[in-house]
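*Asks:* Questions regarding the structure given below will be posed in turn.
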Amino acid sequence: MANKTLNPAAKGFVPICAIGASAGGITALRKLFRQLPEDLGLAYVVIVHLSPEHPSALAEILAACTSMDVHQVIDTPELRPNCIYVIPPDRELVIEGDAVNAREFIEPRGKRAPVDVFFRSIATARGDGLALVLSGAGGDGSNGVRAIQEAGGVVFAQEPAEADFPAMPQNAIATGVVSFIAPISRLAERIVEV
């Protein structure tokens, strides 16, 4: 972790890998966490679009793919390295120092962009991190990746041809700030290298 972008030790923060996805994202997330080493020292925060009316099994699904601890965010847990934090239903996540806060949505349903909100919060609060945009419909994440890159972070995107729903990675790529575009297997390798 020689890259200061992902190792903000001077600030005392755990480095973050923020992952945004939507439609088709579960498949991509399962592939990613099956391939990632479990000792990179990153805190992974997963933002997906969830139905607000139903409980989420995302934490259990990802826990079956890795031996890292997986937590659905409740309240404001302190980030720990080599752990995965997932968004709960009907909440958005923001970073506050070295903690991730689940709060009620500010925007009304239909105008919510939880990936953008989280990415922008990282850029504002910390100015570090790795943002990763996976399969999904729509453009959520494309505003947030600009903020991450402008703050000094690094942005990766899943190869749209591999994604079940290519719109989210395509929209992120169209911003011109994505540093690396690849299938999941290569993304996992690059995360190791950063």
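Order determines the names: the first chain of the structure tokens is A, the second B, and so forth; residues in each chain are numbered 1 upward, and ligands are numbered 1 upward as they are shown.
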Can you tell me, as an MDAnalysis selection string, which residues in stretch 44-192 of chain A count as strand (DSSP E or B) by DSSP?
*Replies:* chainID A and resid 44:48 69:72 78 83:86 92:96 99:103 130:133 154:158 180:182
*Asks:* Just N, CA and C atoms for this one: save the residues we selected as a compact mmCIF listing (two decimals), in the first residue's frame.
*Replies:*
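Wrote again.txt, looks like this:
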# COMPACT_ATOMS: atom_id res chain seq x y z
N TYR A 44 -13.88 -2.05 2.79
CA TYR A 44 -14.72 -2.05 1.59
C TYR A 44 -16.12 -1.60 1.98
N VAL A 45 -16.62 -0.58 1.29
CA VAL A 45 -17.97 -0.10 1.56
C VAL A 45 -18.77 -0.28 0.28
N VAL A 46 -19.83 -1.09 0.35
CA VAL A 46 -20.61 -1.48 -0.82
C VAL A 46 -21.94 -0.74 -0.82
N ILE A 47 -22.17 0.02 -1.89
CA ILE A 47 -23.41 0.77 -2.06
C ILE A 47 -24.15 0.19 -3.26
N VAL A 48 -25.31 -0.36 -3.03
CA VAL A 48 -26.16 -0.86 -4.11
C VAL A 48 -27.55 -0.26 -3.94
N ASP A 69 -14.89 -10.18 7.52
CA ASP A 69 -16.13 -9.86 8.21
C ASP A 69 -16.98 -8.97 7.32
N VAL A 70 -18.28 -9.24 7.26
CA VAL A 70 -19.21 -8.45 6.46
C VAL A 70 -20.31 -7.93 7.39
N HIS A 71 -20.55 -6.62 7.33
CA HIS A 71 -21.51 -5.99 8.23
C HIS A 71 -22.49 -5.14 7.44
N GLN A 72 -23.77 -5.27 7.72
CA GLN A 72 -24.72 -4.27 7.23
C GLN A 72 -24.61 -3.08 8.19
N GLU A 78 -17.19 2.32 13.33
CA GLU A 78 -15.83 2.71 12.97
C GLU A 78 -15.33 1.72 11.91
N CYS A 83 -12.46 -5.50 6.28
CA CYS A 83 -13.88 -5.72 6.57
C CYS A 83 -14.71 -5.11 5.44
N ILE A 84 -15.90 -5.67 5.27
CA ILE A 84 -16.83 -5.20 4.24
C ILE A 84 -18.05 -4.62 4.95
N TYR A 85 -18.47 -3.43 4.51
CA TYR A 85 -19.64 -2.75 5.07
C TYR A 85 -20.64 -2.56 3.94
N VAL A 86 -21.89 -2.96 4.15
CA VAL A 86 -22.90 -2.85 3.09
C VAL A 86 -24.02 -1.93 3.53
N GLU A 92 -28.98 5.97 3.21
CA GLU A 92 -27.79 6.27 2.44
C GLU A 92 -26.61 6.32 3.40
N LEU A 93 -25.42 6.11 2.88
CA LEU A 93 -24.22 6.10 3.71
C LEU A 93 -23.36 7.31 3.41
N VAL A 94 -22.75 7.84 4.46
CA VAL A 94 -21.77 8.91 4.33
C VAL A 94 -20.61 8.62 5.27
N ILE A 95 -19.43 9.13 4.90
CA ILE A 95 -18.24 8.98 5.73
C ILE A 95 -18.15 10.16 6.69
N GLU A 96 -17.83 9.85 7.92
CA GLU A 96 -17.56 10.87 8.93
C GLU A 96 -16.25 10.48 9.59
N ALA A 99 -15.51 6.71 10.31
CA ALA A 99 -16.76 5.98 10.56
C ALA A 99 -17.67 6.14 9.36
N VAL A 100 -18.56 5.18 9.19
CA VAL A 100 -19.55 5.26 8.12
C VAL A 100 -20.92 5.37 8.78
N ASN A 101 -21.68 6.35 8.34
CA ASN A 101 -22.96 6.67 8.96
C ASN A 101 -24.11 6.31 8.03
N ALA A 102 -25.07 5.52 8.54
CA ALA A 102 -26.30 5.23 7.80
C ALA A 102 -27.34 6.26 8.23
N ARG A 103 -27.80 7.06 7.28
CA ARG A 103 -28.78 8.09 7.61
C ARG A 103 -29.97 8.00 6.68
N LEU A 130 -10.38 4.67 -3.14
CA LEU A 130 -10.54 4.01 -4.41
C LEU A 130 -12.04 3.83 -4.61
N ALA A 131 -12.56 4.32 -5.72
CA ALA A 131 -13.96 4.13 -6.07
C ALA A 131 -14.04 3.15 -7.23
N LEU A 132 -14.97 2.23 -7.13
CA LEU A 132 -15.13 1.18 -8.12
C LEU A 132 -16.59 1.14 -8.54
N VAL A 133 -16.86 1.27 -9.85
CA VAL A 133 -18.23 1.25 -10.36
C VAL A 133 -18.44 -0.04 -11.13
N VAL A 154 -8.64 7.42 -6.66
CA VAL A 154 -8.49 6.63 -7.88
C VAL A 154 -9.84 6.00 -8.22
N VAL A 155 -10.18 5.96 -9.52
CA VAL A 155 -11.47 5.44 -9.95
C VAL A 155 -11.26 4.29 -10.93
N PHE A 156 -11.92 3.15 -10.65
CA PHE A 156 -11.92 1.99 -11.53
C PHE A 156 -13.36 1.72 -11.96
N ALA A 157 -13.52 1.08 -13.13
CA ALA A 157 -14.86 0.68 -13.60
C ALA A 157 -14.79 -0.70 -14.23
N GLN A 158 -15.88 -1.45 -14.03
CA GLN A 158 -16.01 -2.75 -14.68
C GLN A 158 -16.14 -2.53 -16.18
N PHE A 180 -8.89 3.06 -14.70
CA PHE A 180 -8.70 1.68 -15.17
C PHE A 180 -10.06 1.05 -15.42
N ILE A 181 -10.22 0.46 -16.60
CA ILE A 181 -11.46 -0.21 -17.02
C ILE A 181 -11.09 -1.65 -17.36
N ALA A 182 -11.77 -2.61 -16.72
CA ALA A 182 -11.39 -4.01 -16.96
C ALA A 182 -12.48 -4.94 -16.47
*Asks:* Once DSSP has gone over the backbone, tell me which residues of stretch 42-86 of chain A are in alpha helix (DSSP H), as a ChimeraX atom specification.
*Replies:* /A:58-63
*Asks:* Please save N, CA and C atoms of the selected residues as a short mmCIF file (atom, residue, chain, number, x, y, z; two decimals), in the first residue's frame.
*Replies:*
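And here is the file that came out, again31.cif:
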data_model
loop_
_atom_site.label_atom_id
_atom_site.label_comp_id
_atom_site.auth_asym_id
_atom_site.auth_seq_id
_atom_site.Cartn_x
_atom_site.Cartn_y
_atom_site.Cartn_z
N LEU A 58 -27.82 -8.89 1.39
CA LEU A 58 -26.53 -8.63 0.76
C LEU A 58 -25.36 -9.03 1.66
N ALA A 59 -25.42 -8.72 2.94
CA ALA A 59 -24.30 -9.07 3.84
C ALA A 59 -24.08 -10.58 3.85
N GLU A 60 -25.16 -11.35 3.92
CA GLU A 60 -25.04 -12.80 3.95
C GLU A 60 -24.51 -13.34 2.62
N ILE A 61 -24.96 -12.75 1.52
CA ILE A 61 -24.51 -13.18 0.19
C ILE A 61 -23.00 -12.97 0.06
N LEU A 62 -22.52 -11.80 0.47
CA LEU A 62 -21.09 -11.52 0.34
C LEU A 62 -20.27 -12.32 1.34
N ALA A 63 -20.82 -12.57 2.53
CA ALA A 63 -20.10 -13.36 3.53
C ALA A 63 -19.81 -14.77 3.03
#
*Asks:* Closest to A:Ala43 among A:Gly139, A:Ala28, A:Val117, A:Gly129, using only C-alpha atoms?
*Replies:*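 The closest residue to A:Ala43 is A:Gly129.
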*Asks:* Looking at A:Ser185, A:Ser56, A:Gln149, A:Asn143, which one is nearest to A:Phe33, with distances taken over only C-alpha atoms?
*Replies:* A:Ser185
*Asks:* Tell me, in Å to one decimal, how far atom CA of A:Met68 is from atom CA of A:Asp39.
*Replies:*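 If I compute the distance from atom CA of A:Met68 to atom CA of A:Asp39, I get 8.6 Å.
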*Asks:* Considering only C-alpha atoms, can you say which of A:Pro55, A:Ile16, A:Phe165, A:Arg80 comes closest to A:Gly136?
*Replies:* A:Phe165
*Asks:* Skip A:Ala147 itself and residues of its chain fewer than 2 positions away, then list as a ChimeraX atom specification all residues within 10 Å of it, counting only C-alpha atoms.
*Replies:* /A:116,119-124,127,141-145,149-153,177
*Asks:* I'd like the interatomic distance between atom CA of A:Pro15 and atom CA of A:Leu42, to a tenth of an Å.
*Replies:*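 Atom-to-atom, atom CA of A:Pro15 to atom CA of A:Leu42, that is 5.2 Å.
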*Asks:* Of the candidates A:Cys65, A:Ile74, A:Leu50, A:Ala174, which shows the shortest atom-to-atom distance to A:Pro37, using only C-alpha atoms?
*Replies:*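 Ranked by minimum distance to A:Pro37, first place goes to A:Cys65.
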*Asks:* Suppose you want the space between atom CA of A:Asn171 and atom CA of A:Leu40; what is it in Å?
*Replies:* 28.3 Å
*Asks:* Using only C-alpha atoms, which residues sit within 8 Å of A:Ala23 once same-chain residues fewer than 3 positions away are excluded, as a PDB file with all heavy atoms, in the first residue's frame?
*Replies:*
ATOM      1  N   ILE A  26     -24.913  -7.782  -7.918  1.00  0.00           N
ATOM      2  CA  ILE A  26     -24.658  -8.883  -6.977  1.00  0.00           C
ATOM      3  C   ILE A  26     -23.697  -9.898  -7.607  1.00  0.00           C
ATOM      4  O   ILE A  26     -22.751 -10.345  -6.974  1.00  0.00           O
ATOM      5  CB  ILE A  26     -25.970  -9.568  -6.528  1.00  0.00           C
ATOM      6  CG1 ILE A  26     -26.908  -8.562  -5.851  1.00  0.00           C
ATOM      7  CG2 ILE A  26     -25.676 -10.749  -5.619  1.00  0.00           C
ATOM      8  CD1 ILE A  26     -26.365  -7.924  -4.601  1.00  0.00           C
ATOM      9  N   HIS A  49     -28.339  -0.336  -4.988  1.00  0.00           N
ATOM     10  CA  HIS A  49     -29.716   0.140  -4.919  1.00  0.00           C
ATOM     11  C   HIS A  49     -30.578  -0.976  -4.355  1.00  0.00           C
ATOM     12  O   HIS A  49     -30.651  -2.059  -4.937  1.00  0.00           O
ATOM     13  CB  HIS A  49     -30.214   0.542  -6.301  1.00  0.00           C
ATOM     14  CG  HIS A  49     -29.450   1.681  -6.894  1.00  0.00           C
ATOM     15  ND1 HIS A  49     -29.483   1.980  -8.227  1.00  0.00           N
ATOM     16  CD2 HIS A  49     -28.627   2.606  -6.338  1.00  0.00           C
ATOM     17  CE1 HIS A  49     -28.723   3.046  -8.469  1.00  0.00           C
ATOM     18  NE2 HIS A  49     -28.184   3.427  -7.328  1.00  0.00           N
ATOM     19  N   SER A 135     -21.561  -3.180 -12.461  1.00  0.00           N
ATOM     20  CA  SER A 135     -22.801  -3.313 -13.214  1.00  0.00           C
ATOM     21  C   SER A 135     -23.959  -2.542 -12.582  1.00  0.00           C
ATOM     22  O   SER A 135     -24.132  -2.543 -11.372  1.00  0.00           O
ATOM     23  CB  SER A 135     -23.169  -4.805 -13.293  1.00  0.00           C
ATOM     24  OG  SER A 135     -24.394  -4.986 -13.963  1.00  0.00           O
ATOM     25  N   GLY A 136     -24.752  -1.893 -13.431  1.00  0.00           N
ATOM     26  CA  GLY A 136     -25.938  -1.198 -12.938  1.00  0.00           C
ATOM     27  C   GLY A 136     -26.603  -0.408 -14.040  1.00  0.00           C
ATOM     28  O   GLY A 136     -25.984  -0.052 -15.041  1.00  0.00           O
ATOM     29  N   ALA A 137     -27.865  -0.116 -13.845  1.00  0.00           N
ATOM     30  CA  ALA A 137     -28.617   0.722 -14.773  1.00  0.00           C
ATOM     31  C   ALA A 137     -28.527   2.168 -14.297  1.00  0.00           C
ATOM     32  O   ALA A 137     -28.412   2.440 -13.107  1.00  0.00           O
ATOM     33  CB  ALA A 137     -30.072   0.252 -14.822  1.00  0.00           C
ATOM     34  N   ASP A 164     -23.615  -7.104 -16.560  1.00  0.00           N
ATOM     35  CA  ASP A 164     -24.974  -7.499 -16.933  1.00  0.00           C
ATOM     36  C   ASP A 164     -25.782  -6.276 -17.374  1.00  0.00           C
ATOM     37  O   ASP A 164     -26.617  -6.356 -18.259  1.00  0.00           O
ATOM     38  CB  ASP A 164     -25.676  -8.190 -15.761  1.00  0.00           C
ATOM     39  CG  ASP A 164     -25.089  -9.556 -15.461  1.00  0.00           C
ATOM     40  OD1 ASP A 164     -24.384 -10.119 -16.319  1.00  0.00           O
ATOM     41  OD2 ASP A 164     -25.320 -10.064 -14.344  1.00  0.00           O
ATOM     42  N   PHE A 165     -25.554  -5.147 -16.704  1.00  0.00           N
ATOM     43  CA  PHE A 165     -26.181  -3.878 -17.055  1.00  0.00           C
ATOM     44  C   PHE A 165     -25.050  -2.847 -17.177  1.00  0.00           C
ATOM     45  O   PHE A 165     -24.492  -2.421 -16.165  1.00  0.00           O
ATOM     46  CB  PHE A 165     -27.199  -3.460 -15.985  1.00  0.00           C
ATOM     47  CG  PHE A 165     -28.417  -4.337 -15.958  1.00  0.00           C
ATOM     48  CD1 PHE A 165     -28.390  -5.561 -15.307  1.00  0.00           C
ATOM     49  CD2 PHE A 165     -29.580  -3.960 -16.605  1.00  0.00           C
ATOM     50  CE1 PHE A 165     -29.502  -6.388 -15.284  1.00  0.00           C
ATOM     51  CE2 PHE A 165     -30.707  -4.779 -16.593  1.00  0.00           C
ATOM     52  CZ  PHE A 165     -30.667  -6.001 -15.935  1.00  0.00           C
TER      53      PHE A 165
END
*Asks:* Have a look at A:Gly110, A:Gly176, A:Gly24, A:Gly12 and name the one nearest to A:Asp98; count only C-alpha atoms.
*Replies:*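 Counting only C-alpha atoms, the residue closest to A:Asp98 is A:Gly12.
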*Asks:* Identify which of the residues A:Met168, A:Leu79, A:Ala113, A:Ala125 lies closest to A:Cys17, counting only C-alpha atoms when measuring atom-to-atom distances.
*Replies:*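 Among the listed residues, A:Leu79 lies closest to A:Cys17.
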